[in-house]
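A.B. asks: Shown below is the structure under consideration.
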Amino acid sequence: MPAVTVENPLTLPRVVADADAVQRPVLAVTTAPKYAAGEPKGTPWHPHRGFETVTYIIDGTFIHQDSNGGGGTITNGDTQWMTAGSGLLHIETPPESLVMSGGLFHGLQLWVNLPAKDKMKDPRYQDIRGGQVRLLTTADGGALLRVIAGDFDGHEGPGITHTPITMIHASVRPGAEVTLPWREEYNGLAYVLAGRGTVGTDHRPVHTGQTAVFGAGSALTLRADESQDAHTPDLEVVLLGGKPLREPMAHYGPFVMNTRAELQQAFEDFQAGRLGTVPAVHGM
């Protein structure tokens, strides 16, 4: 897993939860659907409005372009943070050479809702390279923490967000247990990219493709199993949290709004071409 790394994590700033921190219980563990080799091939041109797409690539290469002129190539620890806002069209796909030759491709995409006051802001694009993420470790160096966005124990990630959130990619060494401070006003999720381990102080088992949902508290605990697969030596986890908006949400297809009427308007604007046009270079 070639996301940005360091030879000796103990050279990095260390993050330690307070001794009196309240541990977050694990409320649920869910399993994501699986795709067979060769199935995921990106998406053609499509519209978005009302939220942000966050695409994080660990292995492989992804190409993005939007109707506002944003886009680029992301690979090996890079993140593309696209604020759709009032609306745009975009396309995302692996390069044709990778599709034809085959190979490893590993990444994820988050949809981050925007508060009502920001849903119709101008679109914005952030190209966050792997080398820009904030690198931290735990007290004993048992985990490498890559802060992609948000404030984590006083350390800022490079991602600029409208909605207050934290996004971290953690690599936990086999047998290591880490307890991390977590903002009490945020919710908390842990998605397992690779490996096996446990979550919470009751050591709830998790493995690749599973998400743990945490309850209230000011710290969360992860532990990597002593034995991991040879091709995934560490427990790789994406930690996510955000301040709940507590606003009504209306979601359909590529639009995330607050009301059904706003959804209808988004479809009408898209059909009328008001969300942009596909660049001529793509033959449209």
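Lettering and numbering for the structure tokens are positional, with chains as A, B, ... in the shown order, residues counted from 1 in each chain, and ligands counted from 1 in the shown order.
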When you look at Met249 of chain A with a cut-off of 8 Å (counting only C-alpha atoms), what residues show up, excluding the ones that are within fewer than 4 positions of it in the same chain? I need them as a list in words.

C.D. replies: Val256, Met257, Asn258 and Thr259 of chain A

A.B. asks: Neighbours of Arg134 of chain A within 9 Å (only C-alpha atoms; same-chain residues fewer than 2 positions away dropped), as a PyMOL selection string?

C.D. replies: chain A and resi 131-132+136+145-149+155-158

A.B. asks: Generate a file of the selected residues that holds N, CA and C atoms, formatted as a CSV table (one decimal), in the first residue's frame.

C.D. replies:
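To be explicit, this is the file written out as result.csv:
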```
chain,number,residue,atom,x,y,z
A,131,GLY,N,2.2,14.1,-0.3
A,131,GLY,CA,3.2,14.7,0.4
A,131,GLY,C,2.8,15.9,1.3
A,132,GLN,N,1.5,16.3,1.1
A,132,GLN,CA,1.0,17.5,1.8
A,132,GLN,C,0.3,17.1,3.1
A,136,LEU,N,1.6,12.1,11.7
A,136,LEU,CA,1.7,12.0,13.1
A,136,LEU,C,1.8,10.5,13.5
A,145,LEU,N,-0.3,8.1,11.3
A,145,LEU,CA,-1.5,8.8,11.1
A,145,LEU,C,-1.3,9.8,10.0
A,146,ARG,N,-2.1,9.8,9.0
A,146,ARG,CA,-2.0,10.8,7.9
A,146,ARG,C,-3.3,11.6,8.0
A,147,VAL,N,-3.1,12.9,8.4
A,147,VAL,CA,-4.3,13.7,8.5
A,147,VAL,C,-4.5,14.4,7.2
A,148,ILE,N,-5.6,14.1,6.5
A,148,ILE,CA,-5.9,14.6,5.2
A,148,ILE,C,-6.7,15.9,5.3
A,149,ALA,N,-7.6,15.9,6.3
A,149,ALA,CA,-8.5,17.1,6.5
A,149,ALA,C,-8.9,17.3,7.9
A,155,HIS,N,-3.5,19.5,15.2
A,155,HIS,CA,-2.7,19.4,14.0
A,155,HIS,C,-3.7,19.4,12.8
A,156,GLU,N,-3.4,20.4,11.9
A,156,GLU,CA,-4.3,20.6,10.8
A,156,GLU,C,-3.9,19.8,9.5
A,157,GLY,N,-4.9,19.2,8.9
A,157,GLY,CA,-4.7,18.6,7.6
A,157,GLY,C,-4.8,19.6,6.5
A,158,PRO,N,-4.4,19.3,5.3
A,158,PRO,CA,-4.4,20.3,4.2
A,158,PRO,C,-5.8,20.6,3.6
```

A.B. asks: Please report, as a PyMOL selection string, each residue of segment 82-154 of chain A to which DSSP assigns strand (DSSP E) when run on this structure's backbone.

C.D. replies: chain A and resi 82-83+88-93+106-113+124-128+134-138+143-149+151-152

A.B. asks: Find the spatial neighbours of Leu245 of chain A, counting only C-alpha atoms, within a cut-off of 10 Å - ignore same-chain residues fewer than 3 positions away - and output them as a PyMOL selection string.

C.D. replies: chain A and resi 113-116+163-164+242+248-249

A.B. asks: Which one is closest to Gly72 of chain A: A:Pro94, A:Gly188, A:Pro33, A:Gly150? Count only C-alpha atoms.

C.D. replies: A:Pro94

A.B. asks: Which polymer residues have any atom within 12 Å of an atom of segment 4-9 of chain A, counting only C-alpha atoms, with same-chain residues fewer than 2 positions away left out, as a ChimeraX atom specification?

C.D. replies: /A:1-2,11-15,57-59,75-79,129-148,169-173

A.B. asks: Can I get the selected residues back with C-alpha atoms, as a tab-separated table (two decimals), in the first residue's frame?

C.D. replies:
```
chain	number	residue	atom	x	y	z
A	1	MET	CA	0.00	0.00	0.00
A	2	PRO	CA	2.09	2.92	-1.31
A	11	THR	CA	10.48	11.03	14.44
A	12	LEU	CA	6.95	12.44	14.05
A	13	PRO	CA	4.82	14.43	16.52
A	14	ARG	CA	2.87	12.11	18.82
A	15	VAL	CA	-0.83	12.11	19.63
A	57	ILE	CA	-6.39	6.95	-4.04
A	58	ILE	CA	-4.05	4.53	-2.26
A	59	ASP	CA	-2.98	2.36	-5.23
A	75	THR	CA	-2.25	8.50	-7.41
A	76	ASN	CA	-0.63	6.82	-4.39
A	77	GLY	CA	-1.91	8.86	-1.46
A	78	ASP	CA	-3.34	11.83	-3.38
A	79	THR	CA	-6.81	13.24	-2.72
A	129	ARG	CA	-0.91	15.54	-2.95
A	130	GLY	CA	0.15	12.73	-0.65
A	131	GLY	CA	3.22	14.68	0.43
A	132	GLN	CA	1.01	17.48	1.79
A	133	VAL	CA	-0.80	15.41	4.43
A	134	ARG	CA	0.08	15.95	8.09
A	135	LEU	CA	1.99	12.96	9.45
A	136	LEU	CA	1.67	12.00	13.12
A	137	THR	CA	2.16	8.92	15.28
A	138	THR	CA	1.04	7.49	18.63
A	139	ALA	CA	2.99	7.38	21.90
A	140	ASP	CA	4.87	4.17	21.05
A	141	GLY	CA	5.05	4.69	17.30
A	142	GLY	CA	2.62	1.82	16.73
A	143	ALA	CA	0.58	3.71	14.15
A	144	LEU	CA	1.23	6.18	11.33
A	145	LEU	CA	-1.53	8.78	11.11
A	146	ARG	CA	-2.04	10.75	7.89
A	147	VAL	CA	-4.30	13.75	8.54
A	148	ILE	CA	-5.94	14.60	5.22
A	169	HIS	CA	-5.70	7.34	7.14
A	170	ALA	CA	-4.14	5.26	9.93
A	171	SER	CA	-1.69	2.37	9.47
A	172	VAL	CA	-1.56	0.30	12.67
A	173	ARG	CA	1.31	-2.16	13.10
```

A.B. asks: Can I get the residues of segment 38-131 of chain A within 12 Å of segment 204-227 of chain A, each with the closest pair of atoms and their distance in Å to one decimal, using only C-alpha atoms, sorted chain first then ascending number, as JSON lines?

C.D. replies:
```
{"residue": "A:His106", "atom": "CA", "partner": "A:Gly209", "partner_atom": "CA", "distance": 11.8}
{"residue": "A:Gly107", "atom": "CA", "partner": "A:Gly209", "partner_atom": "CA", "distance": 11.7}
{"residue": "A:Leu108", "atom": "CA", "partner": "A:Gly209", "partner_atom": "CA", "distance": 10.9}
```
